[in-house]
>>> print(open('start_38.txt').read())   # compact mmCIF, N, CA and C atoms
# COMPACT_ATOMS: atom_id res chain seq x y z
N MET L 1 124.05 6.63 -9.84
CA MET L 1 123.22 7.72 -10.35
C MET L 1 121.76 7.34 -10.18
N THR L 2 121.00 8.24 -9.70
CA THR L 2 119.57 8.01 -9.61
C THR L 2 118.90 8.72 -10.77
N ASP L 3 117.63 8.44 -10.98
CA ASP L 3 116.94 9.14 -12.06
C ASP L 3 116.43 10.51 -11.60
N GLU L 4 116.77 10.92 -10.37
CA GLU L 4 116.34 12.20 -9.87
C GLU L 4 117.51 12.99 -9.29
N PRO L 5 118.53 13.28 -10.09
CA PRO L 5 119.64 14.05 -9.54
C PRO L 5 119.19 15.46 -9.21
N ARG L 6 119.77 15.99 -8.15
CA ARG L 6 119.47 17.38 -7.79
C ARG L 6 120.28 18.28 -8.71
N MET L 7 119.70 19.40 -9.05
CA MET L 7 120.41 20.34 -9.92
C MET L 7 120.40 21.72 -9.30
N ASN L 8 121.46 22.45 -9.55
CA ASN L 8 121.55 23.83 -9.11
C ASN L 8 121.24 24.73 -10.29
N SER L 9 120.57 25.84 -10.04
CA SER L 9 120.25 26.78 -11.10
C SER L 9 120.04 28.15 -10.52
N ASP L 10 120.33 29.15 -11.33
CA ASP L 10 120.02 30.51 -10.92
C ASP L 10 118.71 30.97 -11.56
N ARG L 11 118.00 30.04 -12.22
CA ARG L 11 116.72 30.36 -12.85
C ARG L 11 115.59 29.88 -11.97
N GLY L 12 114.56 30.67 -11.88
CA GLY L 12 113.40 30.29 -11.09
C GLY L 12 112.46 29.43 -11.90
N PRO L 13 111.53 28.72 -11.23
CA PRO L 13 110.59 27.87 -11.94
C PRO L 13 109.67 28.64 -12.87
N GLU L 14 109.47 29.93 -12.61
CA GLU L 14 108.61 30.71 -13.49
C GLU L 14 109.21 30.90 -14.86
N GLU L 15 110.52 30.64 -15.02
CA GLU L 15 111.17 30.79 -16.31
C GLU L 15 111.13 29.51 -17.13
N SER L 16 110.60 28.44 -16.58
CA SER L 16 110.56 27.16 -17.28
C SER L 16 109.12 26.81 -17.60
N SER L 17 108.91 26.16 -18.74
CA SER L 17 107.58 25.67 -19.05
C SER L 17 107.50 24.20 -18.68
N ALA L 18 106.31 23.70 -18.42
CA ALA L 18 106.12 22.33 -17.98
C ALA L 18 106.64 21.35 -19.03
N HIS L 19 107.42 20.42 -18.58
CA HIS L 19 107.94 19.32 -19.39
C HIS L 19 108.70 19.76 -20.63
N THR L 20 109.48 20.80 -20.52
CA THR L 20 110.37 21.19 -21.60
C THR L 20 111.64 20.38 -21.44
N LEU L 21 111.97 19.59 -22.45
CA LEU L 21 113.18 18.78 -22.39
C LEU L 21 114.29 19.48 -23.15
N VAL L 22 115.44 19.57 -22.51
CA VAL L 22 116.59 20.25 -23.08
C VAL L 22 117.86 19.46 -22.75
N ARG L 23 118.90 19.71 -23.54
CA ARG L 23 120.20 19.12 -23.25
C ARG L 23 120.78 19.87 -22.05
N LEU L 24 121.30 19.13 -21.09
CA LEU L 24 121.87 19.75 -19.90
C LEU L 24 122.96 20.75 -20.27
N ALA L 25 123.74 20.44 -21.30
CA ALA L 25 124.83 21.32 -21.72
C ALA L 25 124.33 22.65 -22.30
N ASP L 26 123.04 22.73 -22.66
CA ASP L 26 122.50 23.92 -23.31
C ASP L 26 121.81 24.90 -22.35
N VAL L 27 121.75 24.57 -21.07
CA VAL L 27 121.05 25.43 -20.11
C VAL L 27 121.96 25.74 -18.92
N ALA L 28 121.52 26.69 -18.12
CA ALA L 28 122.31 27.12 -16.96
C ALA L 28 121.98 26.27 -15.74
N LEU L 29 121.98 24.97 -15.92
CA LEU L 29 121.77 24.03 -14.83
C LEU L 29 123.00 23.14 -14.74
N GLU L 30 123.23 22.63 -13.56
CA GLU L 30 124.31 21.66 -13.40
C GLU L 30 123.88 20.68 -12.33
N LEU L 31 124.47 19.50 -12.37
CA LEU L 31 124.16 18.50 -11.37
C LEU L 31 124.71 18.95 -10.03
N ALA L 32 123.91 18.80 -8.98
CA ALA L 32 124.33 19.22 -7.64
C ALA L 32 125.51 18.38 -7.16
N ASP L 33 125.54 17.11 -7.56
CA ASP L 33 126.64 16.22 -7.18
C ASP L 33 127.38 15.82 -8.46
N PRO L 34 128.60 16.31 -8.64
CA PRO L 34 129.36 15.98 -9.85
C PRO L 34 129.53 14.47 -10.06
N ALA L 35 129.43 13.68 -9.02
CA ALA L 35 129.55 12.22 -9.15
C ALA L 35 128.39 11.64 -9.94
N ASP L 36 127.26 12.37 -10.04
CA ASP L 36 126.11 11.91 -10.81
C ASP L 36 126.28 12.13 -12.31
N ASP L 37 127.32 12.84 -12.70
CA ASP L 37 127.52 13.17 -14.11
C ASP L 37 128.16 11.99 -14.83
N VAL L 38 127.39 11.33 -15.68
CA VAL L 38 127.86 10.13 -16.38
C VAL L 38 128.30 10.43 -17.81
N ARG L 39 128.29 11.70 -18.20
CA ARG L 39 128.72 12.05 -19.55
C ARG L 39 130.16 11.60 -19.76
N GLY L 40 130.40 11.02 -20.93
CA GLY L 40 131.73 10.52 -21.28
C GLY L 40 131.95 9.06 -20.93
N ARG L 41 131.08 8.47 -20.13
CA ARG L 41 131.22 7.05 -19.78
C ARG L 41 130.68 6.18 -20.90
N LYS L 42 131.24 5.01 -21.02
CA LYS L 42 130.74 4.08 -22.02
C LYS L 42 129.40 3.52 -21.55
N VAL L 43 128.58 3.11 -22.52
CA VAL L 43 127.29 2.50 -22.24
C VAL L 43 127.40 1.03 -22.63
N VAL L 44 127.00 0.16 -21.70
CA VAL L 44 127.14 -1.28 -21.88
C VAL L 44 125.77 -1.93 -21.74
N ASP L 45 125.44 -2.86 -22.64
CA ASP L 45 124.14 -3.53 -22.57
C ASP L 45 124.18 -4.70 -21.58
N ARG L 46 123.06 -5.39 -21.46
CA ARG L 46 122.95 -6.47 -20.47
C ARG L 46 123.85 -7.65 -20.77
N ASN L 47 124.35 -7.75 -22.01
CA ASN L 47 125.27 -8.83 -22.37
C ASN L 47 126.73 -8.43 -22.21
N GLY L 48 126.97 -7.20 -21.77
CA GLY L 48 128.34 -6.73 -21.62
C GLY L 48 128.91 -6.12 -22.89
N ASP L 49 128.08 -5.99 -23.95
CA ASP L 49 128.54 -5.40 -25.21
C ASP L 49 128.47 -3.87 -25.12
N GLN L 50 129.50 -3.21 -25.65
CA GLN L 50 129.50 -1.75 -25.62
C GLN L 50 128.53 -1.22 -26.67
N VAL L 51 127.66 -0.30 -26.23
CA VAL L 51 126.65 0.31 -27.09
C VAL L 51 127.18 1.62 -27.68
N GLY L 52 127.93 2.36 -26.90
CA GLY L 52 128.45 3.67 -27.29
C GLY L 52 128.93 4.38 -26.05
N LYS L 53 128.81 5.71 -26.06
CA LYS L 53 129.16 6.47 -24.86
C LYS L 53 128.11 7.54 -24.62
N VAL L 54 128.02 7.97 -23.37
CA VAL L 54 127.06 9.01 -23.01
C VAL L 54 127.61 10.35 -23.48
N ASP L 55 126.97 10.91 -24.51
CA ASP L 55 127.38 12.21 -25.04
C ASP L 55 126.69 13.36 -24.32
N GLY L 56 125.54 13.10 -23.73
CA GLY L 56 124.80 14.17 -23.08
C GLY L 56 123.65 13.63 -22.26
N LEU L 57 123.05 14.53 -21.50
CA LEU L 57 121.89 14.21 -20.69
C LEU L 57 120.75 15.13 -21.12
N ILE L 58 119.57 14.54 -21.30
CA ILE L 58 118.38 15.31 -21.65
C ILE L 58 117.56 15.42 -20.38
N ILE L 59 117.25 16.65 -20.00
CA ILE L 59 116.57 16.87 -18.73
C ILE L 59 115.21 17.51 -18.93
N ASP L 60 114.33 17.26 -17.98
CA ASP L 60 113.06 17.96 -17.89
C ASP L 60 113.36 19.21 -17.08
N GLU L 61 113.35 20.35 -17.75
CA GLU L 61 113.78 21.59 -17.12
C GLU L 61 112.88 21.99 -15.95
N ALA L 62 111.58 21.77 -16.06
CA ALA L 62 110.65 22.16 -15.00
C ALA L 62 110.82 21.28 -13.76
N GLU L 63 110.93 19.98 -13.98
CA GLU L 63 111.04 19.05 -12.85
C GLU L 63 112.48 18.82 -12.42
N ARG L 64 113.42 19.30 -13.25
CA ARG L 64 114.85 19.15 -12.96
C ARG L 64 115.22 17.69 -12.74
N ARG L 65 114.79 16.88 -13.71
CA ARG L 65 115.08 15.44 -13.68
C ARG L 65 115.69 15.04 -15.01
N VAL L 66 116.67 14.17 -14.93
CA VAL L 66 117.23 13.60 -16.15
C VAL L 66 116.22 12.60 -16.69
N ARG L 67 115.89 12.72 -17.97
CA ARG L 67 114.92 11.81 -18.60
C ARG L 67 115.59 10.84 -19.56
N PHE L 68 116.65 11.28 -20.26
CA PHE L 68 117.29 10.43 -21.27
C PHE L 68 118.80 10.57 -21.23
N LEU L 69 119.47 9.49 -21.61
CA LEU L 69 120.88 9.53 -21.94
C LEU L 69 120.97 9.75 -23.44
N GLU L 70 121.83 10.64 -23.87
CA GLU L 70 122.12 10.80 -25.29
C GLU L 70 123.34 9.93 -25.56
N VAL L 71 123.14 8.85 -26.31
CA VAL L 71 124.20 7.87 -26.54
C VAL L 71 124.71 8.01 -27.96
N GLY L 72 126.02 8.19 -28.09
CA GLY L 72 126.66 8.28 -29.40
C GLY L 72 127.40 7.00 -29.69
N SER L 73 127.30 6.55 -30.94
CA SER L 73 128.00 5.32 -31.32
C SER L 73 128.44 5.41 -32.78
N GLY L 74 129.44 4.62 -33.11
CA GLY L 74 129.94 4.58 -34.48
C GLY L 74 130.70 5.84 -34.82
N GLY L 75 131.06 5.95 -36.07
CA GLY L 75 131.78 7.12 -36.53
C GLY L 75 133.24 7.12 -36.13
N PHE L 76 133.93 8.15 -36.56
CA PHE L 76 135.34 8.31 -36.26
C PHE L 76 135.61 9.78 -36.03
N LEU L 77 136.17 10.10 -34.87
CA LEU L 77 136.45 11.49 -34.48
C LEU L 77 135.21 12.38 -34.59
N GLY L 78 134.06 11.81 -34.22
CA GLY L 78 132.82 12.57 -34.24
C GLY L 78 132.11 12.61 -35.58
N LEU L 79 132.75 12.13 -36.65
CA LEU L 79 132.11 12.13 -37.97
C LEU L 79 131.37 10.82 -38.18
N GLY L 80 130.14 10.91 -38.64
CA GLY L 80 129.35 9.72 -38.90
C GLY L 80 128.79 9.05 -37.66
N GLU L 81 128.89 9.72 -36.53
CA GLU L 81 128.39 9.15 -35.29
C GLU L 81 126.86 9.16 -35.30
N HIS L 82 126.26 8.08 -34.80
CA HIS L 82 124.81 7.98 -34.67
C HIS L 82 124.45 8.28 -33.23
N LYS L 83 123.34 8.98 -33.04
CA LYS L 83 122.89 9.30 -31.68
C LYS L 83 121.51 8.70 -31.45
N GLN L 84 121.35 8.15 -30.28
CA GLN L 84 120.08 7.58 -29.84
C GLN L 84 119.82 8.11 -28.45
N LEU L 85 118.54 8.18 -28.09
CA LEU L 85 118.17 8.49 -26.72
C LEU L 85 117.76 7.19 -26.03
N VAL L 86 118.18 7.05 -24.79
CA VAL L 86 117.80 5.89 -23.98
C VAL L 86 117.21 6.44 -22.69
N PRO L 87 115.97 6.04 -22.34
CA PRO L 87 115.37 6.53 -21.10
C PRO L 87 116.21 6.13 -19.89
N VAL L 88 116.27 6.99 -18.89
CA VAL L 88 117.05 6.66 -17.70
C VAL L 88 116.47 5.44 -16.97
N GLU L 89 115.21 5.14 -17.22
CA GLU L 89 114.61 3.95 -16.60
C GLU L 89 115.31 2.68 -17.06
N ALA L 90 116.02 2.72 -18.18
CA ALA L 90 116.72 1.55 -18.70
C ALA L 90 118.05 1.29 -17.99
N ILE L 91 118.50 2.23 -17.18
CA ILE L 91 119.77 2.05 -16.47
C ILE L 91 119.61 1.01 -15.37
N THR L 92 120.50 0.02 -15.39
CA THR L 92 120.47 -1.02 -14.36
C THR L 92 121.50 -0.77 -13.28
N ARG L 93 122.62 -0.15 -13.65
CA ARG L 93 123.63 0.24 -12.66
C ARG L 93 124.64 1.16 -13.32
N VAL L 94 125.37 1.87 -12.48
CA VAL L 94 126.42 2.78 -12.94
C VAL L 94 127.66 2.49 -12.12
N ASP L 95 128.79 2.36 -12.80
CA ASP L 95 130.05 2.23 -12.09
C ASP L 95 131.01 3.30 -12.59
N GLU L 96 132.23 3.27 -12.13
CA GLU L 96 133.19 4.34 -12.47
C GLU L 96 133.43 4.48 -13.96
N ASP L 97 133.35 3.38 -14.70
CA ASP L 97 133.69 3.39 -16.11
C ASP L 97 132.50 3.34 -17.06
N ALA L 98 131.36 2.84 -16.57
CA ALA L 98 130.27 2.56 -17.51
C ALA L 98 128.89 2.77 -16.90
N VAL L 99 127.95 2.99 -17.81
CA VAL L 99 126.53 3.00 -17.49
C VAL L 99 125.98 1.72 -18.11
N HIS L 100 125.40 0.87 -17.29
CA HIS L 100 124.85 -0.40 -17.75
C HIS L 100 123.35 -0.24 -17.97
N ILE L 101 122.88 -0.72 -19.12
CA ILE L 101 121.46 -0.58 -19.45
C ILE L 101 120.86 -1.96 -19.74
N ALA L 102 119.55 -2.06 -19.60
CA ALA L 102 118.84 -3.32 -19.82
C ALA L 102 118.73 -3.68 -21.30
N PRO L 103 118.42 -2.75 -22.20
CA PRO L 103 118.26 -3.14 -23.61
C PRO L 103 119.58 -3.62 -24.22
N GLU L 104 119.46 -4.49 -25.20
CA GLU L 104 120.63 -4.96 -25.94
C GLU L 104 121.08 -3.91 -26.95
N ARG L 105 122.34 -4.01 -27.34
CA ARG L 105 122.94 -3.07 -28.29
C ARG L 105 122.13 -2.96 -29.57
N THR L 106 121.63 -4.09 -30.08
CA THR L 106 120.87 -4.06 -31.33
C THR L 106 119.55 -3.31 -31.17
N GLN L 107 118.94 -3.41 -29.99
CA GLN L 107 117.70 -2.67 -29.75
C GLN L 107 117.98 -1.17 -29.75
N VAL L 108 119.05 -0.76 -29.09
CA VAL L 108 119.39 0.67 -29.06
C VAL L 108 119.67 1.16 -30.48
N ALA L 109 120.43 0.39 -31.23
CA ALA L 109 120.78 0.78 -32.60
C ALA L 109 119.53 0.92 -33.49
N GLY L 110 118.49 0.15 -33.21
CA GLY L 110 117.27 0.20 -34.01
C GLY L 110 116.25 1.21 -33.53
N GLY L 111 116.58 1.94 -32.47
CA GLY L 111 115.64 2.91 -31.89
C GLY L 111 115.47 4.15 -32.75
N PRO L 112 114.51 4.98 -32.37
CA PRO L 112 114.29 6.22 -33.10
C PRO L 112 115.56 7.07 -33.13
N ALA L 113 115.94 7.51 -34.31
CA ALA L 113 117.15 8.33 -34.46
C ALA L 113 116.97 9.66 -33.74
N TYR L 114 118.07 10.21 -33.27
CA TYR L 114 118.05 11.48 -32.56
C TYR L 114 119.04 12.43 -33.21
N ASP L 115 118.57 13.63 -33.50
CA ASP L 115 119.44 14.67 -34.05
C ASP L 115 119.46 15.82 -33.05
N PRO L 116 120.60 16.01 -32.35
CA PRO L 116 120.66 17.06 -31.34
C PRO L 116 120.52 18.47 -31.90
N ASP L 117 120.62 18.63 -33.21
CA ASP L 117 120.47 19.95 -33.83
C ASP L 117 119.01 20.32 -34.07
N LEU L 118 118.11 19.35 -33.93
CA LEU L 118 116.68 19.60 -34.12
C LEU L 118 115.99 19.54 -32.77
N GLU L 119 114.95 20.31 -32.60
CA GLU L 119 114.18 20.28 -31.36
C GLU L 119 113.00 19.34 -31.55
N PRO L 120 113.07 18.14 -30.95
CA PRO L 120 111.99 17.17 -31.13
C PRO L 120 110.69 17.63 -30.48
N GLU L 121 109.58 17.14 -31.00
CA GLU L 121 108.28 17.38 -30.39
C GLU L 121 108.06 16.36 -29.30
N ARG L 122 107.12 16.63 -28.43
CA ARG L 122 106.82 15.73 -27.30
C ARG L 122 106.53 14.31 -27.79
N ARG L 123 105.85 14.18 -28.92
CA ARG L 123 105.50 12.86 -29.45
C ARG L 123 106.75 12.00 -29.69
N TYR L 124 107.85 12.62 -30.13
CA TYR L 124 109.09 11.88 -30.35
C TYR L 124 109.56 11.24 -29.04
N TYR L 125 109.56 12.00 -27.95
CA TYR L 125 110.00 11.46 -26.67
C TYR L 125 109.09 10.32 -26.23
N ASP L 126 107.78 10.48 -26.44
CA ASP L 126 106.85 9.41 -26.11
C ASP L 126 107.14 8.17 -26.95
N ASP L 127 107.48 8.36 -28.23
CA ASP L 127 107.82 7.23 -29.10
C ASP L 127 109.06 6.49 -28.59
N VAL L 128 110.02 7.24 -28.07
CA VAL L 128 111.23 6.60 -27.51
C VAL L 128 110.85 5.75 -26.31
N TYR L 129 110.03 6.31 -25.40
CA TYR L 129 109.59 5.53 -24.24
C TYR L 129 108.84 4.27 -24.69
N THR L 130 107.94 4.42 -25.64
CA THR L 130 107.17 3.28 -26.14
C THR L 130 108.09 2.24 -26.77
N TYR L 131 109.07 2.66 -27.53
CA TYR L 131 110.01 1.75 -28.18
C TYR L 131 110.71 0.88 -27.14
N TYR L 132 111.08 1.46 -26.01
CA TYR L 132 111.77 0.71 -24.96
C TYR L 132 110.80 0.10 -23.95
N ASP L 133 109.49 0.25 -24.19
CA ASP L 133 108.44 -0.32 -23.36
C ASP L 133 108.41 0.27 -21.94
N TYR L 134 108.56 1.58 -21.86
CA TYR L 134 108.42 2.31 -20.61
C TYR L 134 107.29 3.32 -20.78
N PRO L 135 106.54 3.61 -19.71
CA PRO L 135 105.49 4.62 -19.83
C PRO L 135 106.12 6.00 -19.99
N PRO L 136 105.54 6.87 -20.82
CA PRO L 136 106.09 8.22 -21.01
C PRO L 136 106.03 9.02 -19.71
N PHE L 137 106.98 9.94 -19.55
CA PHE L 137 106.94 10.82 -18.39
C PHE L 137 105.72 11.73 -18.53
N GLY L 138 105.13 12.12 -17.42
CA GLY L 138 104.00 13.03 -17.46
C GLY L 138 102.72 12.38 -17.95
N GLY L 139 102.69 11.07 -18.08
CA GLY L 139 101.51 10.38 -18.54
C GLY L 139 101.48 10.21 -20.05
N PRO L 140 100.49 9.49 -20.55
CA PRO L 140 100.40 9.26 -22.00
C PRO L 140 100.21 10.55 -22.78
N TYR L 141 100.66 10.51 -24.00
CA TYR L 141 100.53 11.66 -24.90
C TYR L 141 99.05 11.87 -25.19
N PRO L 142 98.55 13.09 -25.04
CA PRO L 142 97.12 13.33 -25.34
C PRO L 142 96.86 13.16 -26.84
N ARG L 143 95.86 12.42 -27.18
CA ARG L 143 95.55 12.14 -28.58
C ARG L 143 94.29 12.85 -29.00
>>> encode(input="start_38.txt", output="structure tokens")
Amino acid sequence: MTDEPRMNSDRGPEESSAHTLVRLADVALELADPADDVRGRKVVDRNGDQVGKVDGLIIDEAERRVRFLEVGSGGFLGLGEHKQLVPVEAITRVDEDAVHIAPERTQVAGGPAYDPDLEPERRYYDDVYTYYDYPPFGGPYPR
């Protein structure tokens, strides 16, 4: 998987605003190559420890780029599960069963919490990038 998967859509660019991040499952977009879809795969840290699984992909609707993995961990049958976002820049490799990331499991667990039922502000996404020591997409947050 690359950090720039092609996507198909019946929506034109005039219907999207710049840098609007949305869950892929919530919009009329799909990955052009189904092999790029890592949803449902386990997420493994650099030590080989399982972090969780990819519950979703957060995309930049205007640029049609995946920006974050939505990683779910803990809980039982979906109850009590914690969700974190991990920037796609943290992906070191992808295989048939897993997405391997550079941060350790404890770092992911300590990251900014993510609630898919709330619409985060741009500053939240910048905070996630900063937490993992990656530059924010679209440049630094204007202060």
>>> atom_distance(input="start_38.txt", atom1="atom N of Pro112 of chain L", atom2="atom CA of Leu31 of chain L")
26.8 Å
>>> closest_atom_pairs(input="start_38.txt", of="segment 43-81 of chain L", to="segment 102-111 of chain L", cutoff="7 Å", atoms="all atoms listed in the file", output="JSON lines")
{"residue": "L:Val44", "atom": "C", "partner": "L:Ala102", "partner_atom": "N", "distance": 6.6}
{"residue": "L:Asp45", "atom": "CA", "partner": "L:Pro103", "partner_atom": "C", "distance": 4.9}
{"residue": "L:Arg46", "atom": "N", "partner": "L:Ala102", "partner_atom": "C", "distance": 4.7}
{"residue": "L:Asn47", "atom": "N", "partner": "L:Glu104", "partner_atom": "CA", "distance": 6.1}
{"residue": "L:Asp49", "atom": "C", "partner": "L:Arg105", "partner_atom": "CA", "distance": 6.4}
{"residue": "L:Gln50", "atom": "C", "partner": "L:Arg105", "partner_atom": "CA", "distance": 6.1}
{"residue": "L:Val51", "atom": "CA", "partner": "L:Arg105", "partner_atom": "CA", "distance": 5.2}
>>> residues_near_point(input="start_38.txt", point="(119.3, 11.6, -22.4)", cutoff="12 Å", atoms="only C-alpha atoms", output="ChimeraX atom specification")
/L:3,21-25,37-39,53-60,65-72,83-91,114,116,125,128-129
>>> closest_residue(input="start_38.txt", among="L:Tyr124, L:Asp115, L:Asp97, L:Leu29", to="Glu63 of chain L", atoms="only C-alpha atoms")
L:Leu29
>>> select_by_dssp(input="start_38.txt", residues="segment 64-140 of chain L", states="strand (DSSP E)", output="PyMOL selection string")
chain L and resi 65-73+82-87+91-94+98-101
>>> atom_distance(input="start_38.txt", atom1="atom CA of Arg41 of chain L", atom2="atom CA of Ala28 of chain L")
22.1 Å
>>> decode(input="start_38.txt", residues="segment 101-124 of chain L", atoms="C-alpha atoms", output="PDB file, in the first residue's frame")
ATOM      1  CA  ILE L 101       4.123   0.454  11.731  1.00  0.00           C
ATOM      2  CA  ALA L 102       7.201   2.141  13.197  1.00  0.00           C
ATOM      3  CA  PRO L 103       5.762   3.294  16.555  1.00  0.00           C
ATOM      4  CA  GLU L 104       5.609   0.844  19.444  1.00  0.00           C
ATOM      5  CA  ARG L 105       2.292  -0.414  20.802  1.00  0.00           C
ATOM      6  CA  THR L 106       2.644   1.683  23.974  1.00  0.00           C
ATOM      7  CA  GLN L 107       3.141   4.853  21.940  1.00  0.00           C
ATOM      8  CA  VAL L 108      -0.016   4.174  19.927  1.00  0.00           C
ATOM      9  CA  ALA L 109      -1.968   3.422  23.102  1.00  0.00           C
ATOM     10  CA  GLY L 110      -0.841   6.753  24.605  1.00  0.00           C
ATOM     11  CA  GLY L 111      -1.782   8.796  21.543  1.00  0.00           C
ATOM     12  CA  PRO L 112      -4.639  11.258  21.244  1.00  0.00           C
ATOM     13  CA  ALA L 113      -7.937   9.397  21.609  1.00  0.00           C
ATOM     14  CA  TYR L 114     -10.191   9.231  18.574  1.00  0.00           C
ATOM     15  CA  ASP L 115     -13.975   9.111  18.602  1.00  0.00           C
ATOM     16  CA  PRO L 116     -15.370   8.296  15.145  1.00  0.00           C
ATOM     17  CA  ASP L 117     -18.760   9.711  16.197  1.00  0.00           C
ATOM     18  CA  LEU L 118     -17.292  13.216  16.591  1.00  0.00           C
ATOM     19  CA  GLU L 119     -15.955  15.369  13.790  1.00  0.00           C
ATOM     20  CA  PRO L 120     -12.465  16.461  14.868  1.00  0.00           C
ATOM     21  CA  GLU L 121     -11.109  19.908  14.090  1.00  0.00           C
ATOM     22  CA  ARG L 122      -7.990  20.328  11.960  1.00  0.00           C
ATOM     23  CA  ARG L 123      -5.929  21.018  15.105  1.00  0.00           C
ATOM     24  CA  TYR L 124      -6.659  17.469  16.354  1.00  0.00           C
TER      25      TYR L 124
END
